[in-house]
file input.csv (CSV, C-alpha atoms and all ligand atoms)
chain,number,residue,atom,x,y,z
A,1,MET,CA,28.3,-15.8,2.5
A,2,GLY,CA,29.1,-12.8,0.3
A,3,LEU,CA,28.6,-9.1,1.1
A,4,PRO,CA,25.0,-8.2,0.3
A,5,LEU,CA,25.3,-5.1,-2.0
A,6,THR,CA,21.7,-4.3,-2.2
A,7,GLY,CA,21.7,-3.1,1.4
A,8,MET,CA,24.5,-0.6,0.7
A,9,THR,CA,24.1,3.1,-0.4
A,10,GLU,CA,25.8,4.2,-3.6
A,11,ALA,CA,28.4,6.0,-1.4
A,12,GLU,CA,29.2,2.8,0.5
A,13,ILE,CA,29.6,0.8,-2.7
A,14,GLY,CA,31.9,3.7,-3.8
A,15,GLU,CA,34.0,3.2,-0.6
A,16,LEU,CA,34.3,-0.5,-1.2
A,17,LEU,CA,35.3,-0.2,-4.9
A,18,THR,CA,37.8,2.6,-4.4
A,19,GLY,CA,39.3,0.5,-1.6
A,20,TRP,CA,39.9,-2.1,-4.3
A,21,GLY,CA,41.6,0.5,-6.4
A,22,GLU,CA,38.6,1.0,-8.8
A,23,SER,CA,37.4,4.4,-10.0
A,24,ARG,CA,34.5,5.9,-8.0
A,25,TYR,CA,32.2,6.1,-11.1
A,26,ARG,CA,32.0,2.3,-11.1
A,27,ALA,CA,29.8,2.6,-8.0
A,28,ARG,CA,27.1,4.3,-10.1
A,29,GLN,CA,27.3,1.6,-12.7
A,30,VAL,CA,26.9,-1.2,-10.0
A,31,TRP,CA,24.1,0.8,-8.3
A,32,GLU,CA,22.2,1.1,-11.6
A,33,TRP,CA,22.6,-2.6,-12.4
A,34,ILE,CA,21.2,-3.5,-9.0
A,35,HIS,CA,18.4,-0.9,-8.5
A,36,ARG,CA,17.5,0.2,-12.0
A,37,HIS,CA,18.0,-2.9,-14.2
A,38,LEU,CA,17.3,-5.3,-11.3
A,39,ALA,CA,20.2,-7.5,-12.1
A,40,SER,CA,20.5,-10.9,-10.4
A,41,ASP,CA,24.0,-11.7,-11.3
A,42,PHE,CA,27.4,-9.9,-11.8
A,43,GLY,CA,27.6,-11.6,-15.2
A,44,GLU,CA,24.9,-9.2,-16.4
A,45,MET,CA,26.9,-6.1,-15.6
A,46,THR,CA,28.5,-6.0,-19.0
A,47,ASN,CA,29.9,-2.4,-18.7
A,48,LEU,CA,32.2,-3.5,-15.8
A,49,PRO,CA,35.6,-5.0,-16.6
A,50,LEU,CA,35.8,-8.8,-16.3
A,51,ARG,CA,38.3,-8.4,-13.5
A,52,LEU,CA,35.9,-6.4,-11.4
A,53,ARG,CA,33.0,-8.7,-12.1
A,54,GLY,CA,35.1,-11.6,-11.0
A,55,ARG,CA,36.1,-9.9,-7.7
A,56,LEU,CA,32.5,-8.9,-7.0
A,57,ALA,CA,31.3,-12.4,-7.7
A,58,GLY,CA,33.9,-13.7,-5.2
A,59,GLU,CA,33.2,-11.3,-2.4
A,60,ALA,CA,29.6,-10.1,-2.8
A,61,VAL,CA,26.1,-11.2,-3.7
A,62,VAL,CA,23.4,-9.3,-5.7
A,63,ASP,CA,20.3,-11.3,-4.7
A,64,SER,CA,20.1,-12.1,-1.0
A,65,LEU,CA,16.9,-14.0,-1.5
A,66,ALA,CA,15.8,-17.0,-3.6
A,67,LEU,CA,12.2,-17.6,-4.8
A,68,VAL,CA,10.7,-20.8,-3.3
A,69,GLU,CA,7.0,-20.5,-4.3
A,70,ARG,CA,4.6,-18.1,-5.9
A,71,GLN,CA,0.8,-18.2,-5.7
A,72,ALA,CA,-1.2,-16.1,-8.1
A,73,ALA,CA,-4.9,-15.2,-7.4
A,74,SER,CA,-7.5,-14.4,-10.0
A,75,ASP,CA,-7.6,-10.7,-9.0
A,76,GLY,CA,-3.9,-10.3,-9.9
A,77,THR,CA,-2.5,-10.6,-6.4
A,78,VAL,CA,0.7,-12.7,-6.2
A,79,LYS,CA,2.1,-14.1,-3.0
A,80,TYR,CA,5.8,-15.0,-2.8
A,81,LEU,CA,7.7,-17.2,-0.5
A,82,PHE,CA,11.5,-16.4,-0.4
A,83,ARG,CA,14.4,-18.3,1.1
A,84,LEU,CA,17.1,-16.3,2.9
A,85,GLN,CA,20.7,-17.3,2.8
A,86,ASP,CA,20.5,-19.0,6.2
A,87,GLY,CA,17.5,-21.1,5.1
A,88,GLU,CA,14.8,-19.0,6.9
A,89,THR,CA,11.7,-18.1,4.8
A,90,ILE,CA,9.7,-14.9,4.4
A,91,GLU,CA,6.7,-13.7,2.5
A,92,SER,CA,6.0,-10.8,0.2
A,93,VAL,CA,2.9,-9.9,-1.8
A,94,TRP,CA,2.4,-8.1,-5.1
A,95,ILE,CA,-0.9,-6.1,-5.2
A,96,PRO,CA,-1.6,-4.6,-8.7
A,97,ALA,CA,-3.9,-1.8,-9.6
A,98,GLU,CA,-4.4,0.1,-12.9
A,99,ASP,CA,-2.3,3.1,-11.8
A,100,ARG,CA,0.1,1.5,-9.3
A,101,GLY,CA,1.9,-1.6,-8.3
A,102,THR,CA,2.3,-2.3,-4.6
A,103,VAL,CA,4.7,-4.7,-2.9
A,104,CYS,CA,4.0,-5.7,0.7
A,105,VAL,CA,7.3,-6.5,2.4
A,106,SER,CA,8.3,-8.4,5.6
A,107,THR,CA,10.8,-6.9,8.0
A,108,GLN,CA,11.4,-9.8,10.4
A,109,VAL,CA,11.4,-13.6,10.2
A,110,GLY,CA,8.3,-14.2,12.5
A,111,CYS,CA,7.3,-11.6,15.0
A,112,GLY,CA,7.7,-11.2,18.8
A,113,MET,CA,4.6,-9.1,19.4
A,114,GLY,CA,2.2,-12.0,19.9
A,115,CYS,CA,-1.0,-10.4,18.5
A,116,ARG,CA,-3.8,-13.0,18.9
A,117,PHE,CA,-5.3,-12.8,15.4
A,118,CYS,CA,-2.0,-12.9,13.4
A,119,ALA,CA,-0.5,-16.0,11.8
A,120,THR,CA,3.0,-14.5,11.9
A,121,ALA,CA,2.8,-14.3,15.7
A,122,LEU,CA,2.6,-18.1,15.9
A,123,SER,CA,6.2,-18.6,15.1
A,124,GLY,CA,7.6,-16.0,17.5
A,125,LEU,CA,10.5,-13.8,16.5
A,126,ARG,CA,13.3,-15.7,14.8
A,127,ARG,CA,15.4,-12.8,13.5
A,128,ASN,CA,15.4,-9.3,12.1
A,129,LEU,CA,15.9,-8.9,8.3
A,130,LYS,CA,18.8,-6.9,7.0
A,131,ALA,CA,18.0,-3.9,4.8
A,132,ALA,CA,19.3,-5.9,1.7
A,133,GLU,CA,16.7,-8.6,2.4
A,134,ILE,CA,13.9,-6.0,2.6
A,135,VAL,CA,15.0,-4.2,-0.6
A,136,ASP,CA,15.4,-7.5,-2.4
A,137,GLN,CA,11.8,-8.4,-1.8
A,138,VAL,CA,10.9,-5.4,-3.9
A,139,ARG,CA,13.6,-6.0,-6.6
A,140,LEU,CA,12.7,-9.7,-7.0
A,141,VAL,CA,8.9,-9.1,-7.2
A,142,SER,CA,9.4,-6.3,-9.7
A,143,ARG,CA,11.7,-8.4,-11.8
A,144,ASP,CA,9.3,-11.4,-11.7
A,145,ILE,CA,6.2,-9.3,-12.6
A,146,GLY,CA,8.1,-7.1,-15.1
A,147,ARG,CA,6.5,-3.9,-13.8
A,148,ARG,CA,7.8,-0.9,-11.9
A,149,VAL,CA,6.9,-0.9,-8.3
A,150,THR,CA,5.3,2.4,-7.3
A,151,ASN,CA,4.3,1.7,-3.7
A,152,VAL,CA,5.8,-0.4,-0.8
A,153,VAL,CA,3.9,-1.2,2.3
A,154,PHE,CA,5.7,-2.6,5.3
A,155,MET,CA,2.9,-4.9,6.3
A,156,GLY,CA,4.2,-8.3,5.8
A,157,MET,CA,5.7,-10.5,8.5
A,158,GLY,CA,7.2,-8.7,11.5
A,159,GLU,CA,7.1,-5.4,13.3
A,160,PRO,CA,9.1,-2.9,11.3
A,161,LEU,CA,9.8,-0.5,14.2
A,162,ALA,CA,11.2,-3.4,16.3
A,163,ASN,CA,13.9,-3.6,13.5
A,164,TYR,CA,14.3,0.2,13.3
A,165,GLU,CA,17.8,0.7,11.8
A,166,GLU,CA,17.4,-1.8,9.0
A,167,THR,CA,13.9,-0.7,8.2
A,168,ARG,CA,15.1,3.0,8.1
A,169,ARG,CA,18.0,2.0,5.9
A,170,SER,CA,15.7,0.0,3.5
A,171,LEU,CA,13.4,3.0,3.3
A,172,LEU,CA,16.2,5.3,2.2
A,173,LEU,CA,17.4,2.8,-0.3
A,174,LEU,CA,13.9,2.2,-1.8
A,175,HIS,CA,13.5,6.0,-2.0
A,176,ALA,CA,16.9,6.8,-3.7
A,177,PRO,CA,16.1,8.7,-6.9
A,178,ALA,CA,18.9,7.0,-8.9
A,179,GLY,CA,17.4,3.6,-7.9
A,180,LEU,CA,13.9,2.3,-7.4
A,181,ASN,CA,12.8,5.9,-6.8
A,182,ILE,CA,9.7,5.3,-4.7
A,183,GLY,CA,8.2,8.5,-3.4
A,184,TRP,CA,8.1,9.0,0.4
A,185,ARG,CA,4.3,9.2,0.4
A,186,HIS,CA,4.2,5.8,-1.4
A,187,LEU,CA,6.2,4.2,1.4
A,188,THR,CA,4.0,3.0,4.2
A,189,VAL,CA,5.3,1.7,7.5
A,190,SER,CA,2.8,-0.2,9.7
A,191,THR,CA,3.4,-0.6,13.4
A,192,SER,CA,1.6,-2.3,16.3
A,193,GLY,CA,2.4,0.9,18.3
A,194,LEU,CA,6.0,1.0,19.6
A,195,VAL,CA,5.8,4.4,21.2
A,196,PRO,CA,9.5,5.3,21.5
A,197,ALA,CA,10.1,4.3,17.9
A,198,ILE,CA,7.1,6.3,16.7
A,199,ARG,CA,8.6,9.3,18.5
A,200,SER,CA,12.1,8.7,16.9
A,201,LEU,CA,10.5,8.4,13.5
A,202,ALA,CA,8.7,11.7,14.1
A,203,GLU,CA,12.0,13.4,15.0
A,204,GLU,CA,13.5,12.2,11.7
A,205,ARG,CA,10.6,13.9,9.8
A,206,LEU,CA,10.7,11.5,6.9
A,207,PRO,CA,7.5,12.3,5.0
A,208,LEU,CA,6.5,8.6,4.7
A,209,THR,CA,3.0,7.3,5.5
A,210,LEU,CA,2.6,5.9,9.0
A,211,ALA,CA,-0.1,3.3,9.7
A,212,VAL,CA,-0.8,2.4,13.3
A,213,SER,CA,-2.6,-0.9,14.1
A,214,LEU,CA,-5.2,0.1,16.6
A,215,HIS,CA,-7.8,-2.7,16.4
A,216,ALA,CA,-9.6,-1.4,19.6
A,217,ALA,CA,-10.4,1.9,21.1
A,218,ASP,CA,-10.3,0.8,24.8
A,219,ASN,CA,-7.3,-0.7,26.6
A,220,LYS,CA,-9.2,-3.8,27.8
A,221,THR,CA,-10.0,-5.0,24.3
A,222,ARG,CA,-6.7,-3.9,22.8
A,223,THR,CA,-4.7,-5.7,25.4
A,224,ARG,CA,-6.7,-8.8,24.7
A,225,LEU,CA,-5.8,-8.6,21.0
A,226,MET,CA,-2.3,-7.1,21.3
A,227,PRO,CA,-0.1,-7.8,24.3
A,228,ILE,CA,2.0,-4.8,23.4
A,229,ASN,CA,-0.8,-2.6,24.7
A,230,ARG,CA,0.2,-3.5,28.2
A,231,ARG,CA,3.6,-1.8,27.6
A,232,TYR,CA,2.2,1.1,25.5
A,233,PRO,CA,-1.4,1.6,26.4
A,234,LEU,CA,-3.7,4.0,24.5
A,235,GLU,CA,-2.9,7.0,26.8
A,236,GLU,CA,0.7,6.7,25.7
A,237,LEU,CA,0.2,5.7,22.1
A,238,MET,CA,-2.3,8.4,21.1
A,239,PRO,CA,-0.1,11.4,22.2
A,240,ALA,CA,2.8,9.8,20.2
A,241,CYS,CA,0.5,9.5,17.2
A,242,ARG,CA,-0.6,13.2,17.5
A,243,GLU,CA,3.0,14.3,17.9
A,244,TRP,CA,3.9,12.4,14.6
A,245,VAL,CA,1.1,14.3,12.8
A,246,VAL,CA,2.2,17.6,14.2
A,247,LYS,CA,5.9,17.0,13.4
A,248,THR,CA,5.4,15.6,9.9
A,249,GLY,CA,2.2,17.4,8.8
A,250,ARG,CA,1.1,14.1,7.4
A,251,ARG,CA,-2.2,12.3,7.9
A,252,LEU,CA,-1.9,9.1,9.9
A,253,THR,CA,-3.7,5.9,9.0
A,254,PHE,CA,-5.2,3.7,11.8
A,255,GLU,CA,-5.7,0.1,10.9
A,256,TYR,CA,-8.6,-1.7,12.5
A,257,VAL,CA,-9.1,-5.4,11.9
A,258,LEU,CA,-12.8,-6.2,12.4
A,259,ILE,CA,-13.3,-9.4,14.4
A,260,SER,CA,-16.9,-10.7,15.0
A,261,GLY,CA,-18.1,-10.3,18.5
A,262,ILE,CA,-14.7,-8.9,19.7
A,263,ASN,CA,-14.3,-5.3,18.5
A,264,ASP,CA,-17.1,-4.8,15.9
A,265,SER,CA,-20.0,-3.4,17.9
A,266,LEU,CA,-21.5,0.0,17.1
A,267,ARG,CA,-20.5,1.0,20.6
A,268,ASP,CA,-16.9,0.2,19.6
A,269,ALA,CA,-17.3,2.4,16.5
A,270,ARG,CA,-18.5,5.3,18.5
A,271,ARG,CA,-15.7,4.9,21.0
A,272,LEU,CA,-13.2,4.8,18.1
A,273,SER,CA,-14.7,8.0,16.7
A,274,ARG,CA,-14.3,9.8,20.1
A,275,LEU,CA,-10.7,8.6,20.3
A,276,LEU,CA,-9.8,10.1,16.9
A,277,ALA,CA,-12.0,13.2,16.9
A,278,GLY,CA,-10.2,16.2,15.6
A,279,MET,CA,-7.1,14.3,14.5
A,280,LEU,CA,-5.6,14.4,11.0
A,281,ALA,CA,-6.3,10.7,10.6
A,282,HIS,CA,-8.0,8.1,8.5
A,283,VAL,CA,-9.3,4.6,9.5
A,284,ASN,CA,-8.6,1.6,7.4
A,285,LEU,CA,-11.1,-1.2,8.3
A,286,ILE,CA,-9.8,-4.7,7.5
A,287,PRO,CA,-12.1,-7.7,7.8
A,288,LEU,CA,-10.2,-10.4,9.7
A,289,ASN,CA,-8.6,-13.0,7.5
A,290,PRO,CA,-9.2,-16.1,9.6
A,291,VAL,CA,-6.2,-18.0,10.8
A,292,SER,CA,-6.6,-21.7,11.3
A,293,GLY,CA,-6.7,-22.8,14.9
A,294,ILE,CA,-7.7,-19.3,16.2
A,295,GLY,CA,-11.4,-19.6,15.8
A,296,TRP,CA,-12.2,-15.9,15.2
A,297,GLN,CA,-14.1,-14.7,12.1
A,298,ALA,CA,-14.7,-11.5,10.3
A,299,PRO,CA,-18.2,-10.0,10.9
A,300,PRO,CA,-20.8,-10.3,8.1
A,301,SER,CA,-20.4,-7.6,5.5
A,302,ALA,CA,-23.6,-5.8,6.7
A,303,ARG,CA,-22.0,-5.3,10.1
A,304,GLN,CA,-18.7,-4.2,8.5
A,305,GLU,CA,-20.6,-1.5,6.6
A,306,ALA,CA,-22.6,-0.4,9.6
A,307,PHE,CA,-19.4,0.0,11.6
A,308,ALA,CA,-17.9,2.1,8.7
A,309,ARG,CA,-21.1,4.2,8.5
A,310,VAL,CA,-21.0,5.2,12.2
A,311,LEU,CA,-17.4,6.5,11.7
A,312,GLN,CA,-18.5,8.4,8.6
A,313,GLU,CA,-21.4,10.0,10.3
A,314,LEU,CA,-19.2,11.1,13.2
A,315,GLY,CA,-16.8,12.7,10.7
A,316,ILE,CA,-14.0,10.2,10.7
A,317,PRO,CA,-12.6,9.4,7.2
A,318,VAL,CA,-12.8,5.7,6.7
A,319,THR,CA,-12.3,3.0,4.1
A,320,LEU,CA,-13.4,-0.6,4.3
A,321,ARG,CA,-10.7,-2.6,2.6
A,322,GLN,CA,-12.0,-5.1,0.1
A,323,GLU,CA,-10.5,-8.6,0.6
A,324,ARG,CA,-7.9,-9.3,-2.0
A,325,GLY,CA,-6.2,-12.6,-2.8
A,326,ALA,CA,-8.6,-14.4,-0.4
A,327,GLU,CA,-8.0,-17.7,-2.2
A,328,ILE,CA,-4.2,-17.5,-1.7
A,329,ASP,CA,-3.6,-17.5,2.1
A,330,ALA,CA,-3.4,-13.7,1.8
A,331,ALA,CA,-3.0,-12.7,5.5
A,332,CYS,CA,0.6,-12.1,6.4
A,333,GLY,CA,2.4,-15.2,7.6
A,334,GLN,CA,-0.1,-17.7,6.3
A,335,LEU,CA,1.8,-19.0,3.2
A,336,ARG,CA,4.9,-19.6,5.3
A,337,ARG,CA,2.9,-21.2,8.0
A,338,ARG,CA,1.2,-23.6,5.6
A,339,ARG,CA,4.6,-24.5,4.2
A,340,LEU,CA,6.0,-25.1,7.7
A,341,LEU,CA,3.0,-27.3,8.6
A,342,GLU,CA,3.5,-29.2,5.3
A,343,VAL,CA,7.2,-29.8,6.1
A,344,ALA,CA,6.3,-30.8,9.7
A,345,ALA,CA,3.7,-33.2,8.4
A,346,ALA,CA,6.1,-34.7,5.9
A,347,GLU,CA,8.6,-35.3,8.6
A,348,VAL,CA,6.3,-37.4,10.9
B,1,LIG,N1,3.6,-5.6,12.6
B,1,LIG,C1,3.0,-4.5,11.9
B,1,LIG,C2,3.0,-4.7,10.4
B,1,LIG,C3,2.7,-6.1,9.9
B,1,LIG,S1,1.0,-6.7,10.1
B,1,LIG,C4,1.6,-4.3,12.4
B,1,LIG,O1,1.1,-5.1,13.2
B,1,LIG,O2,1.1,-3.2,12.1
B,1,LIG,C5,0.2,-5.6,9.0
B,1,LIG,C6,-1.3,-5.5,9.3
B,1,LIG,O3,-2.0,-6.8,9.1
B,1,LIG,C7,-1.6,-5.1,10.7
B,1,LIG,O4,-2.5,-4.0,10.7
B,1,LIG,C8,-2.1,-6.3,11.3
B,1,LIG,O5,-2.9,-6.1,12.4
B,1,LIG,C9,-2.9,-7.0,10.2
B,1,LIG,N2,-3.2,-8.4,10.3
B,1,LIG,C10,-2.5,-9.3,11.0
B,1,LIG,N3,-3.1,-10.5,11.0
B,1,LIG,C11,-4.3,-10.3,10.3
B,1,LIG,C12,-5.4,-11.1,10.0
B,1,LIG,N4,-5.4,-12.4,10.3
B,1,LIG,N5,-6.4,-10.6,9.2
B,1,LIG,C13,-6.4,-9.3,8.9
B,1,LIG,N6,-5.3,-8.5,9.2
B,1,LIG,C14,-4.3,-8.9,9.9
B,2,LIG,FE1,3.5,-8.8,14.7
B,2,LIG,FE2,2.0,-7.2,13.3
B,2,LIG,FE3,1.4,-9.8,13.5
B,2,LIG,FE4,1.1,-8.2,15.6
B,2,LIG,S1,0.0,-8.1,13.7
B,2,LIG,S2,2.1,-10.3,15.6
B,2,LIG,S3,2.8,-6.9,15.3
B,2,LIG,S4,3.2,-8.9,12.5

call {"tool": "encode", "arguments": {"input": "input.csv", "output": "structure tokens"}}
result
Amino acid sequence: MGLPLTGMTEAEIGELLTGWGESRYRARQVWEWIHRHLASDFGEMTNLPLRLRGRLAGEAVVDSLALVERQAASDGTVKYLFRLQDGETIESVWIPAEDRGTVCVSTQVGCGMGCRFCATALSGLRRNLKAAEIVDQVRLVSRDIGRRVTNVVFMGMGEPLANYEETRRSLLLLHAPAGLNIGWRHLTVSTSGLVPAIRSLAEERLPLTLAVSLHAADNKTRTRLMPINRRYPLEELMPACREWVVKTGRRLTFEYVLISGINDSLRDARRLSRLLAGMLAHVNLIPLNPVSGIGWQAPPSARQEAFARVLQELGIPVTLRQERGAEIDAACGQLRRRRLLEVAAAEV
């Protein structure tokens, strides 16, 4: 397996190439082929000498992923299944809008957090992704669509902050102005609430957008939905979130998946408002995308709207996310899961 170049900084590529006796400026050329022109192969890098292209092809790889399947929905959303070099598979999603193009990336194969409503949780954690594998989801989607990616959300499979170093590295690579050049504010990391990692991120003062998956405003309900709440309950999570806001000066997004009869009462909405009162925060309500075998549903839209209205009236900024890509297994982990089930079914 060759060295994955897309996980290396320009300086690191420079070290590698000068170690081979090449001039340092070759690093910029390689970097631009990878991150600007989204090359898939060293053969495309026509301004490099053949000798160097040959050595690179022998010792390194450009793409660390291969496309297995793409599903396009009528609203423009495209879901991708990629194969990694060791045969594992991950998902990414392209979400277009008039003025921006967003890629939703995975950070792990599976996830070890065990949230009860999440398809990814069903496979458990298989492994962390390398930075190259995170960056390549953005490169390959951008190449496939033929559009510049303006936003990246770390909301695919996995818990980004449980893979802290590679997530951090991928953020720096995606942001690099000589490369994909994605602005800090357009990079969103979503976490189930790993308190020490939120504190480390706050210390780094990267002006990215942080989204915390809350899903309940009381410990009993939150523990039922997310076992991680036992380790980091609300009385530890909320101070870490406040500290992040103070240290970065950035507004924090709280995600709240609405599940009928579980966390969607108007009492839940009032409790949520009290929890967030006075905080520089915004709530993103997401109707549950049902996962087969789990049995929970999203509340009817009138209930979703009533929940949002309570927050609004109590002064909490809120958006109710419209469902996108509903016809293409859009919730994270579902395409991969369907594929695994198909493979399992074919084997019996
Ligand atoms: N592990 C991180 C990021 C990946 S999940 C996290 O949990 O925040 C991204 C978002 O999708 C989270 O807010 C998660 O709660 C939500 N999600 C997971 N399963 C879902 C489902 N079936 N329907 C709607 N949202 C879901
Ligand atoms: Fe992991 Fe996020 Fe799914 Fe929870 S919701 S199991 S943290 S991917």

call {"tool": "atom_distance", "arguments": {"input": "input.csv", "atom1": "CA of Phe82 in chain A", "atom2": "CA of Arg70 in chain A"}}
result
9.0 Å

call {"tool": "closest_residue", "arguments": {"input": "input.csv", "among": "A:Arg116, A:Arg274, A:Lys220, A:Arg143", "to": "ligand LIG 2 (chain B)", "atoms": "all atoms listed in the file"}}
result
A:Arg116

call {"tool": "residues_near_ligand", "arguments": {"input": "input.csv", "ligand": "ligand LIG 2 (chain B)", "cutoff": "8 Å", "atoms": "all atoms listed in the file", "output": "mmCIF file with C-alpha atoms, in the coordinates of the input"}}
result
data_model
loop_
_atom_site.group_PDB
_atom_site.id
_atom_site.type_symbol
_atom_site.label_atom_id
_atom_site.label_comp_id
_atom_site.auth_asym_id
_atom_site.auth_seq_id
_atom_site.Cartn_x
_atom_site.Cartn_y
_atom_site.Cartn_z
ATOM 1 C CA GLY A 110 8.300 -14.200 12.500
ATOM 2 C CA CYS A 111 7.300 -11.600 15.000
ATOM 3 C CA GLY A 112 7.700 -11.200 18.800
ATOM 4 C CA MET A 113 4.600 -9.100 19.400
ATOM 5 C CA GLY A 114 2.200 -12.000 19.900
ATOM 6 C CA CYS A 115 -1.000 -10.400 18.500
ATOM 7 C CA ARG A 116 -3.800 -13.000 18.900
ATOM 8 C CA PHE A 117 -5.300 -12.800 15.400
ATOM 9 C CA CYS A 118 -2.000 -12.900 13.400
ATOM 10 C CA ALA A 119 -0.500 -16.000 11.800
ATOM 11 C CA THR A 120 3.000 -14.500 11.900
ATOM 12 C CA ALA A 121 2.800 -14.300 15.700
ATOM 13 C CA LEU A 122 2.600 -18.100 15.900
ATOM 14 C CA MET A 155 2.900 -4.900 6.300
ATOM 15 C CA GLY A 156 4.200 -8.300 5.800
ATOM 16 C CA MET A 157 5.700 -10.500 8.500
ATOM 17 C CA GLY A 158 7.200 -8.700 11.500
ATOM 18 C CA GLU A 159 7.100 -5.400 13.300
ATOM 19 C CA SER A 190 2.800 -0.200 9.700
ATOM 20 C CA THR A 191 3.400 -0.600 13.400
ATOM 21 C CA SER A 192 1.600 -2.300 16.300
ATOM 22 C CA SER A 213 -2.600 -0.900 14.100
ATOM 23 C CA MET A 226 -2.300 -7.100 21.300
ATOM 24 C CA CYS A 332 0.600 -12.100 6.400
#

call {"tool": "atom_distance", "arguments": {"input": "input.csv", "atom1": "CA of Gln85 in chain A", "atom2": "atom C1 of ligand LIG 1 (chain B)"}}
result
23.7 Å

call {"tool": "residues_around", "arguments": {"input": "input.csv", "residues": "Ala197 in chain A", "least_positions_apart": "2", "cutoff": "10 Å", "atoms": "all atoms listed in the file", "output": "PyMOL selection string"}}
result
chain A and resi 160-164+191+193-195+199-203+240

call {"tool": "residues_around", "arguments": {"input": "input.csv", "residues": "range 292-299 of chain A", "least_positions_apart": "2", "cutoff": "8 Å", "atoms": "all atoms listed in the file", "output": "list of chain:residue names"}}
result
A:Arg116, A:Phe117, A:Leu258, A:Ile259, A:Ser260, A:Gly261, A:Asp264, A:Pro287, A:Leu288, A:Asn289, A:Pro290, A:Ser301, A:Arg303, A:Gln304

call {"tool": "atom_distance", "arguments": {"input": "input.csv", "atom1": "CA of Met1 in chain A", "atom2": "CA of Met45 in chain A"}}
result
20.6 Å

call {"tool": "residues_around", "arguments": {"input": "input.csv", "residues": "Thr18 in chain A", "least_positions_apart": "6", "cutoff": "9 Å", "atoms": "only C-alpha atoms", "output": "list in words"}}
result
Arg24, Arg26 and Ala27 of chain A

call {"tool": "residues_around", "arguments": {"input": "input.csv", "residues": "range 59-66 of chain A", "least_positions_apart": "4", "cutoff": "7 Å", "atoms": "all atoms listed in the file", "output": "count of residues only"}}
result
15

call {"tool": "closest_residue", "arguments": {"input": "input.csv", "among": "A:Thr77, A:Asn128, A:Ser170, A:Gln108", "to": "ligand LIG 1 (chain B)", "atoms": "all atoms listed in the file"}}
result
A:Gln108

call {"tool": "closest_residue", "arguments": {"input": "input.csv", "among": "A:Cys104, A:Ala306, A:Leu234, A:Val245", "to": "ligand LIG 1 (chain B)", "atoms": "only C-alpha atoms and all ligand atoms"}}
result
A:Cys104

call {"tool": "decode", "arguments": {"input": "input.csv", "residues": "range 11-22 of chain A", "atoms": "N, CA and C atoms", "output": "PDB file, in the first residue's frame"}}
result
ATOM      1  N   ALA A  11       4.411  21.077   3.341  1.00  0.00           N
ATOM      2  CA  ALA A  11       5.764  21.007   3.928  1.00  0.00           C
ATOM      3  C   ALA A  11       6.227  19.555   4.029  1.00  0.00           C
ATOM      4  N   GLU A  12       5.312  18.662   4.399  1.00  0.00           N
ATOM      5  CA  GLU A  12       5.692  17.246   4.527  1.00  0.00           C
ATOM      6  C   GLU A  12       5.995  16.625   3.162  1.00  0.00           C
ATOM      7  N   ILE A  13       5.229  17.024   2.155  1.00  0.00           N
ATOM      8  CA  ILE A  13       5.531  16.534   0.796  1.00  0.00           C
ATOM      9  C   ILE A  13       6.912  17.064   0.382  1.00  0.00           C
ATOM     10  N   GLY A  14       7.189  18.313   0.779  1.00  0.00           N
ATOM     11  CA  GLY A  14       8.501  18.912   0.504  1.00  0.00           C
ATOM     12  C   GLY A  14       9.640  18.102   1.116  1.00  0.00           C
ATOM     13  N   GLU A  15       9.461  17.690   2.374  1.00  0.00           N
ATOM     14  CA  GLU A  15      10.469  16.860   3.053  1.00  0.00           C
ATOM     15  C   GLU A  15      10.709  15.566   2.279  1.00  0.00           C
ATOM     16  N   LEU A  16       9.607  14.956   1.892  1.00  0.00           N
ATOM     17  CA  LEU A  16       9.692  13.674   1.179  1.00  0.00           C
ATOM     18  C   LEU A  16      10.481  13.857  -0.118  1.00  0.00           C
ATOM     19  N   LEU A  17      10.087  14.884  -0.886  1.00  0.00           N
ATOM     20  CA  LEU A  17      10.691  15.049  -2.210  1.00  0.00           C
ATOM     21  C   LEU A  17      12.150  15.499  -2.124  1.00  0.00           C
ATOM     22  N   THR A  18      12.448  16.387  -1.174  1.00  0.00           N
ATOM     23  CA  THR A  18      13.859  16.801  -1.053  1.00  0.00           C
ATOM     24  C   THR A  18      14.698  15.615  -0.566  1.00  0.00           C
ATOM     25  N   GLY A  19      14.092  14.746   0.219  1.00  0.00           N
ATOM     26  CA  GLY A  19      14.775  13.516   0.636  1.00  0.00           C
ATOM     27  C   GLY A  19      15.119  12.627  -0.564  1.00  0.00           C
ATOM     28  N   TRP A  20      14.362  12.769  -1.614  1.00  0.00           N
ATOM     29  CA  TRP A  20      14.616  12.007  -2.845  1.00  0.00           C
ATOM     30  C   TRP A  20      15.565  12.768  -3.783  1.00  0.00           C
ATOM     31  N   GLY A  21      16.027  13.934  -3.309  1.00  0.00           N
ATOM     32  CA  GLY A  21      16.943  14.731  -4.129  1.00  0.00           C
ATOM     33  C   GLY A  21      16.246  15.663  -5.109  1.00  0.00           C
ATOM     34  N   GLU A  22      14.939  15.856  -4.935  1.00  0.00           N
ATOM     35  CA  GLU A  22      14.193  16.767  -5.822  1.00  0.00           C
ATOM     36  C   GLU A  22      14.234  18.184  -5.267  1.00  0.00           C
TER      37      GLU A  22
END
